[in-house]
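Data block for run_2.cif (mmCIF, C-alpha atoms and all ligand atoms):
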```
data_coords
#
loop_
_atom_site.label_atom_id
_atom_site.label_comp_id
_atom_site.auth_asym_id
_atom_site.auth_seq_id
_atom_site.Cartn_x
_atom_site.Cartn_y
_atom_site.Cartn_z
CA MET A 1114 94.45 90.46 128.33
CA LYS A 1115 91.64 87.95 128.67
CA ARG A 1116 91.25 85.29 126.02
CA ASN A 1117 87.81 86.55 125.07
CA THR A 1118 88.99 90.07 124.50
CA PHE A 1119 87.79 91.13 121.08
CA TYR A 1120 88.71 94.72 120.61
CA ILE A 1121 91.93 96.25 121.68
CA VAL A 1122 90.73 98.87 124.05
CA LEU A 1123 92.36 102.19 123.50
CA SER A 1124 92.04 104.87 126.08
CA ALA A 1125 90.51 108.19 125.13
CA VAL A 1126 93.90 109.78 125.54
CA ALA A 1127 95.54 107.26 123.28
CA MET A 1128 92.83 107.70 120.69
CA LEU A 1129 93.26 111.46 120.79
CA SER A 1130 96.98 111.25 120.35
CA ILE A 1131 96.44 108.80 117.52
CA LEU A 1132 94.06 111.14 115.77
CA LEU A 1133 96.54 113.95 116.13
CA SER A 1134 99.58 112.03 115.07
CA ALA A 1135 97.89 109.31 113.04
CA CYS A 1136 100.42 107.68 110.74
CA GLY A 1137 103.64 108.69 112.41
CA THR A 1138 106.63 108.43 110.14
CA ALA A 1139 104.44 108.04 107.12
CA ALA A 1140 102.74 111.44 107.36
CA THR A 1141 101.12 112.77 104.24
CA PRO A 1142 101.16 116.24 102.74
CA THR A 1143 98.60 118.93 103.13
CA THR A 1144 98.67 119.78 99.45
CA SER A 1145 96.18 118.25 97.05
CA ALA A 1146 95.94 117.98 93.32
CA PRO A 1147 93.45 120.26 91.68
CA ALA A 1148 90.27 118.35 90.92
CA PRO A 1149 90.01 117.57 87.21
CA ALA A 1150 88.22 120.41 85.44
CA THR A 1151 85.41 118.12 84.37
CA SER A 1152 84.97 114.78 86.11
CA ALA A 1153 84.15 111.82 83.91
CA PRO A 1154 80.72 110.31 84.58
CA ALA A 1155 80.84 107.48 87.12
CA ALA A 1156 80.27 104.83 84.45
CA LYS A 1157 83.46 105.93 82.69
CA ARG A 1158 85.67 106.21 85.75
CA THR A 1159 88.26 103.44 86.07
CA TYR A 1160 90.33 103.26 89.21
CA VAL A 1161 93.16 100.87 89.94
CA LEU A 1162 93.62 99.25 93.34
CA VAL A 1163 97.36 98.59 93.58
CA PRO A 1164 98.56 96.14 96.26
CA LYS A 1165 102.16 95.70 97.37
CA ASN A 1166 102.10 92.35 95.56
CA LEU A 1167 99.69 89.97 93.89
CA GLY A 1168 98.99 86.49 95.25
CA ASN A 1169 98.65 87.81 98.80
CA PRO A 1170 95.33 86.85 100.46
CA TYR A 1171 95.38 90.05 102.49
CA PHE A 1172 95.24 92.23 99.40
CA ASP A 1173 92.76 89.90 97.72
CA ALA A 1174 90.47 90.45 100.71
CA ALA A 1175 90.83 94.21 100.32
CA ASN A 1176 89.88 93.84 96.68
CA THR A 1177 86.58 92.16 97.57
CA GLY A 1178 85.62 95.28 99.51
CA ALA A 1179 86.88 97.51 96.70
CA GLN A 1180 84.71 95.66 94.18
CA LYS A 1181 81.68 96.06 96.43
CA ALA A 1182 82.28 99.81 96.51
CA ALA A 1183 82.74 99.85 92.73
CA THR A 1184 79.35 98.21 92.22
CA GLU A 1185 77.66 100.67 94.56
CA LEU A 1186 79.35 103.65 92.92
CA GLY A 1187 78.90 102.46 89.33
CA VAL A 1188 82.63 102.72 88.61
CA THR A 1189 85.22 100.19 87.49
CA VAL A 1190 88.02 99.12 89.83
CA LEU A 1191 90.89 97.15 88.34
CA TYR A 1192 93.22 95.21 90.64
CA GLN A 1193 96.81 95.33 89.42
CA GLY A 1194 100.11 94.99 91.22
CA PRO A 1195 103.63 93.66 90.96
CA THR A 1196 104.20 89.94 91.39
CA THR A 1197 106.73 90.59 94.15
CA ALA A 1198 106.61 93.27 96.85
CA ASP A 1199 109.19 95.33 95.04
CA ALA A 1200 109.12 99.13 94.68
CA THR A 1201 110.86 99.20 91.29
CA ALA A 1202 108.31 96.82 89.82
CA GLN A 1203 105.48 98.78 91.41
CA ILE A 1204 106.78 102.07 90.00
CA THR A 1205 107.08 100.61 86.47
CA MET A 1206 103.50 99.44 86.67
CA LEU A 1207 102.26 102.77 88.03
CA ASN A 1208 104.01 104.68 85.26
CA ALA A 1209 102.12 102.60 82.71
CA LEU A 1210 98.83 103.31 84.48
CA ILE A 1211 99.60 107.04 84.52
CA ALA A 1212 100.30 106.91 80.77
CA GLN A 1213 96.93 105.19 80.30
CA LYS A 1214 95.28 108.10 82.13
CA VAL A 1215 93.28 105.98 84.56
CA SER A 1216 90.78 107.94 86.67
CA GLY A 1217 92.50 107.33 90.00
CA LEU A 1218 95.09 105.25 91.84
CA ALA A 1219 94.75 103.57 95.25
CA ILE A 1220 98.21 102.38 96.25
CA SER A 1221 99.62 100.23 99.05
CA ALA A 1222 103.23 101.38 98.77
CA ASP A 1223 106.25 99.09 98.65
CA ASP A 1224 108.53 101.99 99.61
CA ALA A 1225 107.59 105.29 101.22
CA ASP A 1226 110.26 107.47 99.59
CA ALA A 1227 110.88 105.73 96.27
CA LEU A 1228 107.25 106.20 95.26
CA VAL A 1229 107.09 109.94 95.93
CA PRO A 1230 108.05 111.05 92.37
CA THR A 1231 105.59 108.53 90.92
CA GLY A 1232 102.75 109.76 93.09
CA GLN A 1233 103.67 113.34 92.25
CA ALA A 1234 103.67 112.55 88.52
CA ALA A 1235 100.19 111.06 88.76
CA ILE A 1236 98.85 114.03 90.72
CA ALA A 1237 100.45 116.47 88.24
CA ALA A 1238 98.72 114.57 85.44
CA GLY A 1239 95.35 115.12 87.16
CA ILE A 1240 95.09 111.53 88.38
CA PRO A 1241 93.99 111.44 92.02
CA VAL A 1242 96.23 109.36 94.29
CA VAL A 1243 95.08 107.79 97.53
CA THR A 1244 97.29 105.48 99.58
CA TRP A 1245 95.96 102.73 101.81
CA ASP A 1246 97.57 100.09 104.08
CA SER A 1247 101.13 101.32 103.42
CA ASN A 1248 101.76 105.00 102.83
CA ILE A 1249 103.86 107.06 100.43
CA ALA A 1250 105.91 109.84 102.07
CA LYS A 1251 105.16 113.54 101.90
CA GLY A 1252 104.13 114.84 98.50
CA GLY A 1253 103.38 111.49 96.88
CA THR A 1254 99.75 111.06 97.90
CA GLN A 1255 96.68 113.15 98.56
CA LEU A 1256 95.19 111.02 101.30
CA PHE A 1257 96.19 108.00 103.38
CA VAL A 1258 93.47 105.55 104.39
CA ASN A 1259 94.98 104.12 107.55
CA GLN A 1260 93.68 100.72 108.61
CA ALA A 1261 94.21 101.35 112.32
CA ASP A 1262 96.47 103.67 114.23
CA THR A 1263 100.17 102.94 114.00
CA GLN A 1264 100.67 103.09 117.76
CA GLY A 1265 97.80 100.69 118.45
CA ILE A 1266 99.01 98.15 115.91
CA GLY A 1267 102.57 98.23 117.25
CA ASP A 1268 101.38 98.00 120.84
CA SER A 1269 99.21 94.99 120.03
CA GLN A 1270 102.22 93.04 118.73
CA VAL A 1271 104.24 93.26 121.94
CA GLN A 1272 101.17 92.83 124.13
CA MET A 1273 100.33 89.57 122.40
CA ALA A 1274 103.94 88.37 122.64
CA LEU A 1275 103.96 88.94 126.40
CA GLN A 1276 100.60 87.25 126.84
CA ILE A 1277 101.95 84.22 125.03
CA THR A 1278 105.21 83.98 127.01
CA GLY A 1279 103.51 84.85 130.26
CA PRO A 1280 105.06 87.15 132.88
CA ASP A 1281 108.37 85.30 132.81
CA GLY A 1282 108.91 86.55 129.26
CA GLY A 1283 111.55 85.08 126.99
CA GLU A 1284 113.17 85.45 123.60
CA ILE A 1285 111.21 86.81 120.68
CA ALA A 1286 112.09 87.58 117.07
CA ILE A 1287 110.37 89.73 114.47
CA LEU A 1288 109.74 88.28 111.02
CA SER A 1289 108.69 91.25 108.89
CA ALA A 1290 107.74 91.87 105.27
CA THR A 1291 110.34 93.79 103.22
CA ALA A 1292 113.02 95.95 104.78
CA GLN A 1293 111.52 98.98 103.01
CA ALA A 1294 107.86 98.33 103.88
CA PRO A 1295 106.49 101.66 105.16
CA ASN A 1296 103.76 100.16 107.31
CA GLN A 1297 105.77 97.34 108.91
CA ASN A 1298 108.68 99.68 109.60
CA ALA A 1299 106.40 102.16 111.36
CA TRP A 1300 104.91 99.36 113.48
CA ILE A 1301 108.36 97.95 114.30
CA GLU A 1302 109.48 101.36 115.54
CA VAL A 1303 106.55 101.35 117.97
CA MET A 1304 107.42 97.80 119.03
CA LYS A 1305 111.04 98.73 119.73
CA THR A 1306 109.95 101.68 121.85
CA ASP A 1307 107.51 99.48 123.74
CA LEU A 1308 110.14 96.78 124.33
CA ALA A 1309 112.34 99.36 126.04
CA LYS A 1310 109.62 99.99 128.65
CA PRO A 1311 109.75 98.29 132.07
CA GLU A 1312 106.55 96.29 131.48
CA TYR A 1313 108.24 94.48 128.61
CA ALA A 1314 111.65 94.06 130.26
CA LYS A 1315 111.25 90.28 130.29
CA LEU A 1316 110.91 90.11 126.50
CA LYS A 1317 114.26 89.89 124.73
CA LEU A 1318 114.25 90.75 121.04
CA ASP A 1319 116.81 88.47 119.37
CA THR A 1320 116.63 89.87 115.86
CA ILE A 1321 114.50 91.26 113.04
CA VAL A 1322 114.46 89.37 109.73
CA TYR A 1323 112.61 89.94 106.46
CA GLY A 1324 110.60 87.43 104.45
CA ASN A 1325 109.67 89.99 101.75
CA ASP A 1326 105.98 89.01 101.86
CA ASP A 1327 107.04 85.91 99.94
CA ASP A 1328 105.88 82.59 101.36
CA THR A 1329 109.04 80.57 100.69
CA THR A 1330 111.43 83.29 101.84
CA SER A 1331 109.36 83.82 104.99
CA TYR A 1332 109.24 80.08 105.71
CA ASN A 1333 113.01 79.78 105.33
CA GLN A 1334 113.56 82.80 107.54
CA ALA A 1335 111.37 81.23 110.21
CA LEU A 1336 113.34 77.96 110.01
CA ALA A 1337 116.58 79.92 110.35
CA LEU A 1338 115.25 81.74 113.42
CA ILE A 1339 114.29 78.47 115.07
CA LYS A 1340 117.73 76.99 114.37
CA THR A 1341 119.74 80.07 115.33
CA TYR A 1342 117.87 80.84 118.55
CA PRO A 1343 117.13 77.56 120.38
CA ALA A 1344 115.47 79.42 123.27
CA LEU A 1345 113.17 81.37 120.95
CA LYS A 1346 109.65 81.44 122.34
CA VAL A 1347 107.65 83.70 120.03
CA ILE A 1348 107.98 84.74 116.40
CA VAL A 1349 106.15 88.03 115.92
CA ALA A 1350 105.25 88.47 112.25
CA PRO A 1351 103.41 91.73 111.51
CA THR A 1352 102.67 90.54 107.99
CA SER A 1353 99.97 88.20 106.73
CA VAL A 1354 102.43 86.24 104.60
CA GLY A 1355 105.07 85.95 107.32
CA ILE A 1356 102.75 84.83 110.09
CA ALA A 1357 101.28 81.98 108.04
CA ALA A 1358 104.70 80.82 106.87
CA ALA A 1359 106.15 80.97 110.39
CA ALA A 1360 103.26 78.94 111.80
CA ARG A 1361 103.78 76.32 109.10
CA ALA A 1362 107.49 76.15 109.95
CA VAL A 1363 106.71 75.59 113.63
CA LYS A 1364 104.24 72.84 112.76
CA ASP A 1365 106.63 71.15 110.32
CA GLN A 1366 109.40 71.19 112.93
CA ASN A 1367 107.07 69.60 115.53
CA LEU A 1368 107.60 72.55 117.82
CA THR A 1369 103.94 73.09 118.68
CA GLY A 1370 103.76 74.16 122.31
CA LYS A 1371 107.42 75.20 122.36
CA VAL A 1372 107.62 77.97 119.80
CA PHE A 1373 104.59 80.20 119.26
CA VAL A 1374 103.69 82.66 116.54
CA THR A 1375 101.71 85.89 116.62
CA GLY A 1376 101.40 89.07 114.57
CA LEU A 1377 99.03 90.22 111.83
CA GLY A 1378 97.23 87.96 109.39
CA THR A 1379 93.98 86.94 107.76
CA PRO A 1380 91.63 84.61 109.65
CA ASN A 1381 91.06 82.08 106.87
CA ALA A 1382 94.80 81.48 106.44
CA LEU A 1383 95.43 81.12 110.17
CA ARG A 1384 92.33 79.33 111.45
CA ASP A 1385 93.96 75.91 111.88
CA TYR A 1386 97.03 77.36 113.57
CA VAL A 1387 94.86 79.23 116.04
CA LYS A 1388 92.94 76.07 116.86
CA SER A 1389 96.17 74.08 117.35
CA ASN A 1390 97.51 76.89 119.55
CA ILE A 1391 100.57 77.58 117.38
CA ILE A 1392 99.08 81.06 117.05
CA PRO A 1393 97.22 81.63 120.34
CA GLU A 1394 96.13 85.04 119.08
CA PHE A 1395 96.82 87.55 116.34
CA ALA A 1396 95.54 90.94 115.29
CA LEU A 1397 94.08 92.50 112.18
CA TRP A 1398 91.46 94.93 110.98
CA ASN A 1399 88.52 94.47 108.66
CA VAL A 1400 90.43 94.20 105.38
CA PRO A 1401 87.42 94.16 103.01
CA ASP A 1402 86.22 97.34 104.72
CA LEU A 1403 89.64 98.90 104.14
CA GLY A 1404 89.33 98.30 100.38
CA TYR A 1405 85.74 99.55 100.43
CA LEU A 1406 86.61 102.76 102.27
CA THR A 1407 89.60 103.39 100.03
CA ILE A 1408 87.54 103.31 96.84
CA TYR A 1409 84.90 105.58 98.34
CA ALA A 1410 87.63 108.04 99.35
CA LEU A 1411 89.24 107.94 95.93
CA ASP A 1412 85.89 108.39 94.21
CA ALA A 1413 85.02 111.35 96.41
CA ILE A 1414 88.16 113.09 95.15
CA ALA A 1415 87.97 111.91 91.52
CA SER A 1416 84.33 112.90 91.17
CA GLY A 1417 85.10 116.37 92.50
CA LYS A 1418 82.91 115.92 95.60
CA ILE A 1419 85.89 116.82 97.78
CA LYS A 1420 89.38 118.08 97.09
CA GLY A 1421 91.02 115.76 99.60
CA ASN A 1422 91.96 118.50 102.06
CA PRO A 1423 91.88 118.30 105.86
CA GLY A 1424 88.36 118.90 107.09
CA ASP A 1425 86.73 117.57 103.91
CA THR A 1426 83.89 115.19 104.71
CA PHE A 1427 82.49 112.44 102.54
CA THR A 1428 80.21 109.43 102.93
CA ALA A 1429 81.67 105.97 102.42
CA GLY A 1430 78.54 103.93 101.69
CA THR A 1431 77.55 101.68 104.56
CA LEU A 1432 80.58 102.72 106.63
CA GLY A 1433 79.15 106.22 107.02
CA SER A 1434 80.80 109.60 107.14
CA TYR A 1435 84.54 110.35 107.31
CA THR A 1436 86.36 113.64 107.79
CA ILE A 1437 89.96 114.03 106.63
CA ALA A 1438 92.26 114.67 109.59
CA PRO A 1439 94.83 117.51 109.70
CA ASP A 1440 97.57 115.12 108.56
CA ASN A 1441 95.58 114.09 105.45
CA THR A 1442 94.58 110.70 106.79
CA ILE A 1443 91.38 108.92 107.56
CA LEU A 1444 91.25 106.04 110.00
CA LEU A 1445 89.24 102.86 109.40
CA GLY A 1446 89.01 101.81 113.02
CA LYS A 1447 90.55 99.64 115.69
CA PRO A 1448 92.45 96.42 115.18
CA PHE A 1449 90.70 93.23 116.27
CA ILE A 1450 92.25 90.45 118.31
CA PHE A 1451 91.49 87.03 116.87
CA ASN A 1452 91.71 83.92 119.03
CA LYS A 1453 90.05 80.50 119.11
CA ASP A 1454 86.93 81.94 120.71
CA VAL A 1455 86.16 84.35 117.88
CA ILE A 1456 87.98 83.20 114.76
CA ASP A 1457 85.06 81.23 113.35
CA LYS A 1458 83.02 84.40 113.20
CA PHE A 1459 85.27 85.69 110.40
CA ASN A 1460 85.58 84.61 106.81
CA PHE A 1461 88.19 86.48 104.78
C1 LIG A 1501 100.92 91.88 104.41
C2 LIG A 1501 101.31 93.20 103.83
C3 LIG A 1501 100.37 94.32 104.23
C4 LIG A 1501 100.11 94.26 105.72
C5 LIG A 1501 99.57 92.91 106.11
C6 LIG A 1501 99.26 92.81 107.58
O1 LIG A 1501 99.86 91.34 103.66
O2 LIG A 1501 102.62 93.49 104.21
O3 LIG A 1501 100.91 95.55 103.87
O4 LIG A 1501 99.22 95.29 106.09
O5 LIG A 1501 100.55 91.96 105.77
#
```

Conversion result in structure tokens:
Amino acid sequence: MKRNTFYIVLSAVAMLSILLSACGTAATPTTSAPAPATSAPAAKRTYVLVPKNLGNPYFDAANTGAQKAATELGVTVLYQGPTTADATAQITMLNALIAQKVSGLAISADDADALVPTGQAAIAAGIPVVTWDSNIAKGGTQLFVNQADTQGIGDSQVQMALQITGPDGGEIAILSATAQAPNQNAWIEVMKTDLAKPEYAKLKLDTIVYGNDDDTTSYNQALALIKTYPALKVIVAPTSVGIAAAARAVKDQNLTGKVFVTGLGTPNALRDYVKSNIIPEFALWNVPDLGYLTIYALDAIASGKIKGNPGDTFTAGTLGSYTIAPDNTILLGKPFIFNKDVIDKFNF
């Protein structure tokens, strides 16, 4: 791919298959909660945007978009999450929010299966549940707001790794978030399938390690990778916390130009590493827009405008109209590729 490539170009066929299969392993149910008999007026509706963890710039960026939507809709959006990306902590917090009878929950899940009963309990209590970024498995959510198609995100990770190594390939390692993370695990499955294809035969995956979306753990994991695999060429970190920590480890070890980093991350956190070529390129989507779309989707259900069923259409402010796909998902768009040519155009 050329350095000035901005969008990952997906073929019409790929897009169609994405729309049909959208979130892969994290498919959502076709059942929806009944809309509350009488919806509270907008001014009284309080939603909670729940990230995997607090202190993560990625989720903070989503919250800026969520707050913009809240202002436009005249609703309140609280931003509450566990301090670590831990499903047990997230469930405890969600149970408290259900007991408080908030008007709706927008969750980035720390575990696809563990959160199903919690999502079901909220829905049974008449509290609409929408997932975004990282999905809850069947039955635990009414709608998944997918940031970009799972296949496209996974493909982008191995494509970037090969561009960085060049055609001769070399050793790569994956530094992920948590071992239970629904979104990273779905992307890693795509990456493994891609790596088995002839076009990626020159890339050798040494290992997959987990930094738990914690900066220190991710940094230490990156150091361990560098030490354990002396021929390692690229650390692929499909997590905003992991990619920044891995780049810092490479810089601190004076390995710039020898070990490279790529993956998914936020432009502000990675700008310097892109310019120093530790991260020649990385991918992401418009995170503020993801938060914005999520709150519009949640409000459409909570206000009774839609039930959240496949085929339902709603308008998400300046992003326009969305129709819920047969698998109960909506798709924000395509991932972007960020490199030194374009990174200064972004500020989040
Ligand atoms: C981290 C989280 C999040 C993921 C981004 C790319 O912030 O794991 O779920 O989407 O990275």

Using only C-alpha atoms and all ligand atoms, find each residue with an atom at most 6 Å away from ligand LIG 1501 (chain A) and format the answer as a PDB file with C-alpha atoms, in the frame of the given file.
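Output saved as result-v1.pdb:
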```pdb
ATOM      1  CA  TYR A1171      95.380  90.050 102.490  1.00  0.00           C
ATOM      2  CA  ASP A1246      97.570 100.090 104.080  1.00  0.00           C
ATOM      3  CA  SER A1247     101.130 101.320 103.420  1.00  0.00           C
ATOM      4  CA  ALA A1290     107.740  91.870 105.270  1.00  0.00           C
ATOM      5  CA  PRO A1351     103.410  91.730 111.510  1.00  0.00           C
ATOM      6  CA  THR A1352     102.670  90.540 107.990  1.00  0.00           C
ATOM      7  CA  SER A1353      99.970  88.200 106.730  1.00  0.00           C
ATOM      8  CA  VAL A1354     102.430  86.240 104.600  1.00  0.00           C
ATOM      9  CA  LEU A1377      99.030  90.220 111.830  1.00  0.00           C
ATOM     10  CA  GLY A1378      97.230  87.960 109.390  1.00  0.00           C
TER      11      GLY A1378
END
```

Using all atoms listed in the file, which of the listed residues (A:Thr1205, A:Asn1381, A:Asn1166, A:Asn1441) sits closest to Thr1291 of chain A?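 Ranking A:Thr1205, A:Asn1381, A:Asn1166, A:Asn1441 by distance to Thr1291 of chain A, first place goes to A:Asn1166.
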
For segment 1305-1322 of chain A, work out the shell of residues within 9 Å, counting only C-alpha atoms and skipping chain neighbours fewer than 5 positions away, then give it as a list in words.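 Result of the neighbour search: Gly1267, Asp1268, Val1271, Gln1272, Ala1274, Leu1275, Thr1278, Pro1280, Asp1281, Gly1282, Gly1283, Glu1284, Ile1285, Ala1286, Ile1287, Leu1288, Ser1289, Ala1290, Thr1291, Ala1292, Trp1300, Ser1331, Gln1334, Ala1335, Leu1338, Tyr1342 and Leu1345 of chain A.
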
For the atom pair atom CA of Ala1182 of chain A and atom CA of Thr1254 of chain A, what is the interatomic distance in Å to one decimal place? 20.8 Å

Can you work out the spacing between atom CA of Thr1197 of chain A and atom CA of Ile1236 of chain A in Å, to one decimal?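 Interatomic distance, atom CA of Thr1197 of chain A to atom CA of Ile1236 of chain A: 25.0 Å.
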
At a cut-off of 12 Å, using all atoms listed in the file, what residues contact Ala1209 of chain A? Leave out same-chain residues fewer than 5 positions from it and give the result as an NGL selection string. :A and (1161 or 1193-1194 or 1202-1204 or 1214-1215 or 1218 or 1231 or 1234-1235)

Written selection (C-alpha atoms) as a short mmCIF file (atom, residue, chain, number, x, y, z; two decimals), in the coordinates of the input:
```
data_model
loop_
_atom_site.label_atom_id
_atom_site.label_comp_id
_atom_site.auth_asym_id
_atom_site.auth_seq_id
_atom_site.Cartn_x
_atom_site.Cartn_y
_atom_site.Cartn_z
CA VAL A 1161 93.16 100.87 89.94
CA GLN A 1193 96.81 95.33 89.42
CA GLY A 1194 100.11 94.99 91.22
CA ALA A 1202 108.31 96.82 89.82
CA GLN A 1203 105.48 98.78 91.41
CA ILE A 1204 106.78 102.07 90.00
CA LYS A 1214 95.28 108.10 82.13
CA VAL A 1215 93.28 105.98 84.56
CA LEU A 1218 95.09 105.25 91.84
CA THR A 1231 105.59 108.53 90.92
CA ALA A 1234 103.67 112.55 88.52
CA ALA A 1235 100.19 111.06 88.76
#
```

Could you tell me which of A:Asp1226, A:Val1363, A:Pro1164, A:Ile1437 comes closest to Ile1419 of chain A if we count only C-alpha atoms?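 Comparing A:Asp1226, A:Val1363, A:Pro1164, A:Ile1437 against Ile1419 of chain A, the winner is A:Ile1437.
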
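Counting only C-alpha atoms and comparing A:Lys1181, A:Lys1388, A:Lys1371, A:Lys1420, the residue that lies closest to Asp1454 of chain A is A:Lys1388.
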
When you count only C-alpha atoms, which of these residues is closest to Gly1370 of chain A: A:Ala1227, A:Ile1277, A:Val1242, A:Ile1391? A:Ile1391

Please rebuild segment 1239-1250 of chain A with N, CA, C and O atoms and give the result as a short mmCIF file (atom, residue, chain, number, x, y, z; two decimals), in the frame of the given file.
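What follows is the written file rebuild-v9.cif:
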```cif
data_model
loop_
_atom_site.label_atom_id
_atom_site.label_comp_id
_atom_site.auth_asym_id
_atom_site.auth_seq_id
_atom_site.Cartn_x
_atom_site.Cartn_y
_atom_site.Cartn_z
N GLY A 1239 96.78 115.04 86.86
CA GLY A 1239 95.35 115.12 87.16
C GLY A 1239 94.74 113.80 87.57
O GLY A 1239 93.52 113.65 87.57
N ILE A 1240 95.58 112.84 87.92
CA ILE A 1240 95.09 111.53 88.38
C ILE A 1240 95.13 111.49 89.90
O ILE A 1240 96.21 111.53 90.50
N PRO A 1241 93.98 111.46 90.55
CA PRO A 1241 93.99 111.44 92.02
C PRO A 1241 94.74 110.21 92.56
O PRO A 1241 94.64 109.11 92.01
N VAL A 1242 95.47 110.44 93.64
CA VAL A 1242 96.23 109.36 94.29
C VAL A 1242 95.82 109.27 95.76
O VAL A 1242 95.92 110.25 96.50
N VAL A 1243 95.38 108.08 96.13
CA VAL A 1243 95.08 107.79 97.53
C VAL A 1243 95.95 106.59 97.92
O VAL A 1243 96.10 105.66 97.14
N THR A 1244 96.56 106.64 99.08
CA THR A 1244 97.29 105.48 99.58
C THR A 1244 96.45 104.79 100.65
O THR A 1244 95.62 105.42 101.31
N TRP A 1245 96.69 103.52 100.81
CA TRP A 1245 95.96 102.73 101.81
C TRP A 1245 96.91 101.64 102.29
O TRP A 1245 97.82 101.26 101.58
N ASP A 1246 96.76 101.19 103.51
CA ASP A 1246 97.57 100.09 104.08
C ASP A 1246 99.02 100.50 104.33
O ASP A 1246 99.53 100.34 105.44
N SER A 1247 99.70 101.02 103.32
CA SER A 1247 101.13 101.32 103.42
C SER A 1247 101.36 102.62 102.66
O SER A 1247 101.12 102.68 101.45
N ASN A 1248 101.83 103.63 103.36
CA ASN A 1248 101.76 105.00 102.83
C ASN A 1248 102.99 105.40 102.00
O ASN A 1248 104.08 104.86 102.18
N ILE A 1249 102.76 106.39 101.12
CA ILE A 1249 103.86 107.06 100.43
C ILE A 1249 104.21 108.31 101.25
O ILE A 1249 103.33 108.93 101.85
N ALA A 1250 105.48 108.68 101.27
CA ALA A 1250 105.91 109.84 102.07
C ALA A 1250 105.40 111.14 101.47
O ALA A 1250 104.81 111.17 100.39
#
```
